[in-house]
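Text of coords_8.pdb, listed as PDB, N, CA and C atoms:
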```
ATOM      1  N   MET A   1     117.306 103.696 138.325
ATOM      2  CA  MET A   1     116.593 104.521 137.379
ATOM      3  C   MET A   1     115.119 104.552 137.710
ATOM      4  N   ASN A   2     114.459 105.562 137.175
ATOM      5  CA  ASN A   2     113.029 105.689 137.471
ATOM      6  C   ASN A   2     112.238 104.612 136.730
ATOM      7  N   ASP A   3     111.093 104.268 137.304
ATOM      8  CA  ASP A   3     110.274 103.179 136.759
ATOM      9  C   ASP A   3     109.793 103.425 135.331
ATOM     10  N   PRO A   4     109.311 104.640 134.983
ATOM     11  CA  PRO A   4     108.870 104.842 133.598
ATOM     12  C   PRO A   4     110.005 104.626 132.584
ATOM     13  N   LEU A   5     111.201 105.057 132.923
ATOM     14  CA  LEU A   5     112.335 104.864 132.018
ATOM     15  C   LEU A   5     112.683 103.385 131.912
ATOM     16  N   LYS A   6     112.691 102.685 133.024
ATOM     17  CA  LYS A   6     112.965 101.247 132.998
ATOM     18  C   LYS A   6     111.957 100.515 132.124
ATOM     19  N   ARG A   7     110.689 100.864 132.277
ATOM     20  CA  ARG A   7     109.647 100.221 131.463
ATOM     21  C   ARG A   7     109.827 100.553 129.984
ATOM     22  N   ALA A   8     110.163 101.794 129.677
ATOM     23  CA  ALA A   8     110.370 102.193 128.278
ATOM     24  C   ALA A   8     111.529 101.410 127.673
ATOM     25  N   VAL A   9     112.616 101.274 128.415
ATOM     26  CA  VAL A   9     113.788 100.544 127.924
ATOM     27  C   VAL A   9     113.444  99.069 127.732
ATOM     28  N   GLU A  10     112.766  98.472 128.687
ATOM     29  CA  GLU A  10     112.377  97.060 128.559
ATOM     30  C   GLU A  10     111.497  96.843 127.337
ATOM     31  N   SER A  11     110.577  97.748 127.097
ATOM     32  CA  SER A  11     109.703  97.653 125.933
ATOM     33  C   SER A  11     110.495  97.805 124.634
ATOM     34  N   LEU A  12     111.423  98.716 124.626
ATOM     35  CA  LEU A  12     112.221  98.972 123.419
ATOM     36  C   LEU A  12     113.143  97.810 123.076
ATOM     37  N   GLN A  13     113.677  97.146 124.060
ATOM     38  CA  GLN A  13     114.648  96.077 123.798
ATOM     39  C   GLN A  13     114.093  95.019 122.868
ATOM     40  N   SER A  14     112.839  94.713 122.975
ATOM     41  CA  SER A  14     112.255  93.687 122.107
ATOM     42  C   SER A  14     111.810  94.253 120.756
ATOM     43  N   ARG A  15     111.789  95.569 120.631
ATOM     44  CA  ARG A  15     111.332  96.199 119.385
ATOM     45  C   ARG A  15     112.467  96.731 118.522
ATOM     46  N   LEU A  16     113.709  96.546 118.927
ATOM     47  CA  LEU A  16     114.839  97.112 118.195
ATOM     48  C   LEU A  16     115.176  96.285 116.950
ATOM     49  N   THR A  17     114.204  96.177 116.076
ATOM     50  CA  THR A  17     114.417  95.492 114.799
ATOM     51  C   THR A  17     115.000  96.498 113.815
ATOM     52  N   PRO A  18     115.645  96.014 112.753
ATOM     53  CA  PRO A  18     116.171  96.948 111.758
ATOM     54  C   PRO A  18     115.104  97.893 111.203
ATOM     55  N   GLY A  19     113.906  97.393 110.934
ATOM     56  CA  GLY A  19     112.843  98.240 110.401
ATOM     57  C   GLY A  19     112.426  99.340 111.365
ATOM     58  N   PHE A  20     112.291  98.985 112.637
ATOM     59  CA  PHE A  20     111.899  99.965 113.649
ATOM     60  C   PHE A  20     112.987 101.019 113.825
ATOM     61  N   VAL A  21     114.225 100.586 113.961
ATOM     62  CA  VAL A  21     115.333 101.520 114.174
ATOM     63  C   VAL A  21     115.488 102.443 112.967
ATOM     64  N   GLU A  22     115.404 101.883 111.779
ATOM     65  CA  GLU A  22     115.535 102.713 110.582
ATOM     66  C   GLU A  22     114.425 103.771 110.525
ATOM     67  N   ALA A  23     113.207 103.390 110.838
ATOM     68  CA  ALA A  23     112.098 104.349 110.823
ATOM     69  C   ALA A  23     112.328 105.473 111.832
ATOM     70  N   GLN A  24     112.828 105.134 113.000
ATOM     71  CA  GLN A  24     113.072 106.146 114.031
ATOM     72  C   GLN A  24     114.195 107.094 113.622
ATOM     73  N   VAL A  25     115.267 106.543 113.072
ATOM     74  CA  VAL A  25     116.386 107.381 112.628
ATOM     75  C   VAL A  25     115.950 108.272 111.475
ATOM     76  N   ARG A  26     115.219 107.729 110.526
ATOM     77  CA  ARG A  26     114.737 108.525 109.385
ATOM     78  C   ARG A  26     113.829 109.658 109.860
ATOM     79  N   GLU A  27     112.991 109.386 110.859
ATOM     80  CA  GLU A  27     112.125 110.429 111.405
ATOM     81  C   GLU A  27     112.965 111.572 111.976
ATOM     82  N   LEU A  28     113.994 111.229 112.723
ATOM     83  CA  LEU A  28     114.872 112.255 113.282
ATOM     84  C   LEU A  28     115.642 112.994 112.192
ATOM     85  N   LEU A  29     116.081 112.281 111.161
ATOM     86  CA  LEU A  29     116.793 112.930 110.060
ATOM     87  C   LEU A  29     115.898 113.938 109.347
ATOM     88  N   ARG A  30     114.629 113.624 109.218
ATOM     89  CA  ARG A  30     113.684 114.571 108.589
ATOM     90  C   ARG A  30     113.582 115.858 109.411
ATOM     91  N   GLN A  31     113.783 115.746 110.705
ATOM     92  CA  GLN A  31     113.733 116.928 111.574
ATOM     93  C   GLN A  31     115.028 117.721 111.504
ATOM     94  N   GLY A  32     116.083 117.115 110.974
ATOM     95  CA  GLY A  32     117.371 117.787 110.836
ATOM     96  C   GLY A  32     118.492 116.982 111.462
ATOM     97  N   GLU A  33     119.664 117.110 110.864
ATOM     98  CA  GLU A  33     120.840 116.410 111.385
ATOM     99  C   GLU A  33     121.448 117.181 112.545
ATOM    100  N   ASP A  34     122.188 116.468 113.368
ATOM    101  CA  ASP A  34     122.905 117.085 114.474
ATOM    102  C   ASP A  34     124.184 117.735 113.951
ATOM    103  N   VAL A  35     124.809 118.559 114.775
ATOM    104  CA  VAL A  35     126.075 119.175 114.405
ATOM    105  C   VAL A  35     127.065 118.068 114.061
ATOM    106  N   GLY A  36     127.718 118.183 112.937
ATOM    107  CA  GLY A  36     128.655 117.151 112.496
ATOM    108  C   GLY A  36     127.996 116.114 111.609
ATOM    109  N   GLY A  37     126.685 116.176 111.465
ATOM    110  CA  GLY A  37     125.965 115.248 110.601
ATOM    111  C   GLY A  37     125.382 114.077 111.360
ATOM    112  N   GLY A  38     124.376 113.493 110.783
ATOM    113  CA  GLY A  38     123.753 112.313 111.359
ATOM    114  C   GLY A  38     122.939 112.618 112.601
ATOM    115  N   ILE A  39     122.710 111.589 113.389
ATOM    116  CA  ILE A  39     121.923 111.672 114.616
ATOM    117  C   ILE A  39     122.786 111.137 115.751
ATOM    118  N   ASN A  40     122.947 111.926 116.802
ATOM    119  CA  ASN A  40     123.765 111.406 117.904
ATOM    120  C   ASN A  40     122.930 110.501 118.807
ATOM    121  N   ALA A  41     123.618 109.684 119.553
ATOM    122  CA  ALA A  41     122.957 108.680 120.384
ATOM    123  C   ALA A  41     122.058 109.308 121.440
ATOM    124  N   THR A  42     122.455 110.426 121.997
ATOM    125  CA  THR A  42     121.653 111.078 123.021
ATOM    126  C   THR A  42     120.290 111.468 122.471
ATOM    127  N   ARG A  43     120.293 112.079 121.294
ATOM    128  CA  ARG A  43     119.029 112.477 120.677
ATOM    129  C   ARG A  43     118.177 111.254 120.327
ATOM    130  N   LEU A  44     118.803 110.221 119.806
ATOM    131  CA  LEU A  44     118.079 109.006 119.453
ATOM    132  C   LEU A  44     117.440 108.369 120.687
ATOM    133  N   ILE A  45     118.186 108.264 121.762
ATOM    134  CA  ILE A  45     117.657 107.647 122.984
ATOM    135  C   ILE A  45     116.499 108.464 123.536
ATOM    136  N   ARG A  46     116.661 109.782 123.579
ATOM    137  CA  ARG A  46     115.566 110.622 124.078
ATOM    138  C   ARG A  46     114.318 110.441 123.216
ATOM    139  N   HIS A  47     114.516 110.324 121.924
ATOM    140  CA  HIS A  47     113.391 110.103 121.014
ATOM    141  C   HIS A  47     112.753 108.732 121.268
ATOM    142  N   LEU A  48     113.576 107.711 121.393
ATOM    143  CA  LEU A  48     113.061 106.355 121.583
ATOM    144  C   LEU A  48     112.276 106.208 122.880
ATOM    145  N   VAL A  49     112.755 106.820 123.952
ATOM    146  CA  VAL A  49     112.053 106.687 125.234
ATOM    147  C   VAL A  49     110.904 107.690 125.347
ATOM    148  N   GLY A  50     110.778 108.568 124.356
ATOM    149  CA  GLY A  50     109.652 109.485 124.315
ATOM    150  C   GLY A  50     109.746 110.665 125.257
ATOM    151  N   ASP A  51     110.979 111.034 125.635
ATOM    152  CA  ASP A  51     111.142 112.156 126.555
ATOM    153  C   ASP A  51     112.341 113.003 126.137
ATOM    154  N   PRO A  52     112.100 114.041 125.314
ATOM    155  CA  PRO A  52     113.212 114.873 124.842
ATOM    156  C   PRO A  52     113.927 115.630 125.957
ATOM    157  N   ALA A  53     113.321 115.717 127.125
ATOM    158  CA  ALA A  53     113.931 116.426 128.241
ATOM    159  C   ALA A  53     114.608 115.478 129.242
ATOM    160  N   GLN A  54     114.713 114.204 128.895
ATOM    161  CA  GLN A  54     115.323 113.215 129.791
ATOM    162  C   GLN A  54     116.732 113.669 130.165
ATOM    163  N   GLY A  55     117.093 113.517 131.422
ATOM    164  CA  GLY A  55     118.402 113.947 131.914
ATOM    165  C   GLY A  55     119.552 113.120 131.348
ATOM    166  N   ASP A  56     120.734 113.689 131.389
ATOM    167  CA  ASP A  56     121.920 113.039 130.830
ATOM    168  C   ASP A  56     122.244 111.706 131.506
ATOM    169  N   VAL A  57     122.094 111.636 132.812
ATOM    170  CA  VAL A  57     122.396 110.395 133.529
ATOM    171  C   VAL A  57     121.436 109.297 133.094
ATOM    172  N   GLU A  58     120.175 109.639 132.978
ATOM    173  CA  GLU A  58     119.169 108.665 132.558
ATOM    174  C   GLU A  58     119.390 108.226 131.112
ATOM    175  N   VAL A  59     119.742 109.177 130.252
ATOM    176  CA  VAL A  59     120.012 108.846 128.842
ATOM    177  C   VAL A  59     121.218 107.920 128.746
ATOM    178  N   ALA A  60     122.257 108.206 129.519
ATOM    179  CA  ALA A  60     123.449 107.342 129.499
ATOM    180  C   ALA A  60     123.096 105.933 129.951
ATOM    181  N   TRP A  61     122.284 105.816 130.993
ATOM    182  CA  TRP A  61     121.870 104.500 131.469
ATOM    183  C   TRP A  61     121.067 103.779 130.393
ATOM    184  N   ALA A  62     120.084 104.484 129.801
ATOM    185  CA  ALA A  62     119.237 103.867 128.772
ATOM    186  C   ALA A  62     120.080 103.455 127.569
ATOM    187  N   TYR A  63     121.024 104.305 127.169
ATOM    188  CA  TYR A  63     121.880 103.977 126.028
ATOM    189  C   TYR A  63     122.687 102.716 126.313
ATOM    190  N   ASP A  64     123.218 102.614 127.515
ATOM    191  CA  ASP A  64     123.999 101.434 127.880
ATOM    192  C   ASP A  64     123.151 100.164 127.761
ATOM    193  N   GLN A  65     121.890 100.258 128.137
ATOM    194  CA  GLN A  65     120.987  99.111 128.054
ATOM    195  C   GLN A  65     120.613  98.773 126.615
ATOM    196  N   LEU A  66     120.447  99.803 125.785
ATOM    197  CA  LEU A  66     119.947  99.616 124.420
ATOM    198  C   LEU A  66     121.041  99.476 123.366
ATOM    199  N   ARG A  67     122.269  99.831 123.696
ATOM    200  CA  ARG A  67     123.368  99.832 122.728
ATOM    201  C   ARG A  67     123.531  98.517 121.976
ATOM    202  N   PRO A  68     123.543  97.361 122.611
ATOM    203  CA  PRO A  68     123.722  96.117 121.844
ATOM    204  C   PRO A  68     122.629  95.909 120.788
ATOM    205  N   GLY A  69     121.392  96.173 121.155
ATOM    206  CA  GLY A  69     120.292  96.010 120.209
ATOM    207  C   GLY A  69     120.339  97.029 119.087
ATOM    208  N   LEU A  70     120.690  98.269 119.433
ATOM    209  CA  LEU A  70     120.815  99.302 118.411
ATOM    210  C   LEU A  70     121.922  98.962 117.423
ATOM    211  N   ARG A  71     123.059  98.572 117.960
ATOM    212  CA  ARG A  71     124.192  98.219 117.099
ATOM    213  C   ARG A  71     123.825  97.054 116.173
ATOM    214  N   ALA A  72     123.204  96.031 116.722
ATOM    215  CA  ALA A  72     122.828  94.866 115.913
ATOM    216  C   ALA A  72     121.845  95.262 114.811
ATOM    217  N   ALA A  73     120.885  96.118 115.143
ATOM    218  CA  ALA A  73     119.906  96.550 114.136
ATOM    219  C   ALA A  73     120.566  97.403 113.063
ATOM    220  N   LEU A  74     121.397  98.355 113.475
ATOM    221  CA  LEU A  74     122.042  99.247 112.510
ATOM    222  C   LEU A  74     122.997  98.504 111.587
ATOM    223  N   GLU A  75     123.618  97.448 112.074
ATOM    224  CA  GLU A  75     124.527  96.662 111.231
ATOM    225  C   GLU A  75     123.782  95.975 110.086
ATOM    226  N   GLN A  76     122.476  95.836 110.206
ATOM    227  CA  GLN A  76     121.678  95.182 109.168
ATOM    228  C   GLN A  76     121.036  96.179 108.196
ATOM    229  N   ILE A  77     121.327  97.457 108.372
ATOM    230  CA  ILE A  77     120.751  98.500 107.514
ATOM    231  C   ILE A  77     121.894  99.125 106.719
ATOM    232  N   PRO A  78     122.057  98.733 105.461
ATOM    233  CA  PRO A  78     123.220  99.199 104.692
ATOM    234  C   PRO A  78     123.283 100.712 104.502
ATOM    235  N   THR A  79     122.155 101.402 104.540
ATOM    236  CA  THR A  79     122.174 102.846 104.319
ATOM    237  C   THR A  79     122.488 103.634 105.584
ATOM    238  N   LEU A  80     122.525 102.984 106.723
ATOM    239  CA  LEU A  80     122.870 103.634 107.986
ATOM    240  C   LEU A  80     124.085 102.944 108.582
ATOM    241  N   TYR A  81     124.785 103.664 109.421
ATOM    242  CA  TYR A  81     125.921 103.046 110.098
ATOM    243  C   TYR A  81     126.041 103.598 111.507
ATOM    244  N   TYR A  82     126.724 102.838 112.315
ATOM    245  CA  TYR A  82     126.874 103.132 113.737
ATOM    246  C   TYR A  82     128.317 103.546 113.983
ATOM    247  N   LEU A  83     128.500 104.717 114.532
ATOM    248  CA  LEU A  83     129.844 105.154 114.922
ATOM    249  C   LEU A  83     129.884 105.238 116.435
ATOM    250  N   GLU A  84     130.891 104.654 117.018
ATOM    251  CA  GLU A  84     131.028 104.730 118.474
ATOM    252  C   GLU A  84     132.115 105.734 118.785
ATOM    253  N   GLY A  85     131.796 106.705 119.643
ATOM    254  CA  GLY A  85     132.755 107.733 120.014
ATOM    255  C   GLY A  85     133.758 107.241 121.021
ATOM    256  N   ASP A  86     134.641 108.150 121.374
ATOM    257  CA  ASP A  86     135.671 107.770 122.358
ATOM    258  C   ASP A  86     135.335 108.265 123.723
TER     259      ASP A  86
END
```
Just give me the structure as structure tokens.
Amino acid sequence: MNDPLKRAVESLQSRLTPGFVEAQVRELLRQGEDVGGGINATRLIRHLVGDPAQGDVEVAWAYDQLRPGLRAALEQIPTLYYLEGD
């Protein structure tokens, strides 16, 4: 992966607290829900790394790196929940 994305992911891993994740999700919800409701992981990752135009391969890599922290944070926020697709 490219260096800026790697640095963004490394920085995010230590910041994925319930408060931070909730604030980011709420910000995206204020902008509108995705088709089917809620916020999909692709949009969340692009928002978190600060690049809405990030490519799909890079987003998938970043999501794989951040998924454990995101899941752990979301499990501590009763008003939000994490759905994993198939």
Starting from the shown file, work through the PyMOL selection byres ((chain A and resi 45-61) around 8) and note down what comes out as a ChimeraX atom specification.
/A:1-2,4-5,8-9,12,24,40-44,62-67
Among region 8-84 of chain A, which ones does DSSP assign to helix (DSSP H, G or I) (computed from the backbone)? Answer as a PyMOL selection string.
chain A and resi 8-13+18-31+41-49+56-75
So how many Å separate atom C of Thr17 (chain A) and CA of Ala73 (chain A), to one decimal?
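According to the coordinates, atom C of Thr17 (chain A) and CA of Ala73 (chain A) are separated by 4.9 Å.
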Leaving out Pro18 (chain A) and any residue of its chain fewer than 3 positions from it, which residues lie within 6.5 Å of it when counting all atoms listed in the file, given as JSON, numbers by chain?
{"A": [21, 22, 23, 73, 74, 76, 77]}
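The space separating CA of Arg71 (chain A) from atom C of Arg15 (chain A) comes to 11.9 Å.
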Could you please determine the separation between CA of Asp34 (chain A) and atom N of Gln13 (chain A) in Å, to one decimal place?
24.0 Å
Ile39 (chain A) environment, 8 Å, only N, CA and C atoms, sequence neighbours closer than 5 positions dropped, as an mmCIF file with N, CA and C atoms, in the frame of the given file:
```
data_model
loop_
_atom_site.group_PDB
_atom_site.id
_atom_site.type_symbol
_atom_site.label_atom_id
_atom_site.label_comp_id
_atom_site.auth_asym_id
_atom_site.auth_seq_id
_atom_site.Cartn_x
_atom_site.Cartn_y
_atom_site.Cartn_z
ATOM 1 N N VAL A 25 115.267 106.543 113.072
ATOM 2 C CA VAL A 25 116.386 107.381 112.628
ATOM 3 C C VAL A 25 115.950 108.272 111.475
ATOM 4 N N LEU A 28 113.994 111.229 112.723
ATOM 5 C CA LEU A 28 114.872 112.255 113.282
ATOM 6 C C LEU A 28 115.642 112.994 112.192
ATOM 7 N N LEU A 29 116.081 112.281 111.161
ATOM 8 C CA LEU A 29 116.793 112.930 110.060
ATOM 9 C C LEU A 29 115.898 113.938 109.347
ATOM 10 N N GLY A 32 116.083 117.115 110.974
ATOM 11 C CA GLY A 32 117.371 117.787 110.836
ATOM 12 C C GLY A 32 118.492 116.982 111.462
ATOM 13 N N GLU A 33 119.664 117.110 110.864
ATOM 14 C CA GLU A 33 120.840 116.410 111.385
ATOM 15 C C GLU A 33 121.448 117.181 112.545
ATOM 16 N N ASP A 34 122.188 116.468 113.368
ATOM 17 C CA ASP A 34 122.905 117.085 114.474
ATOM 18 C C ASP A 34 124.184 117.735 113.951
ATOM 19 N N LEU A 44 118.803 110.221 119.806
ATOM 20 C CA LEU A 44 118.079 109.006 119.453
ATOM 21 C C LEU A 44 117.440 108.369 120.687
#
```
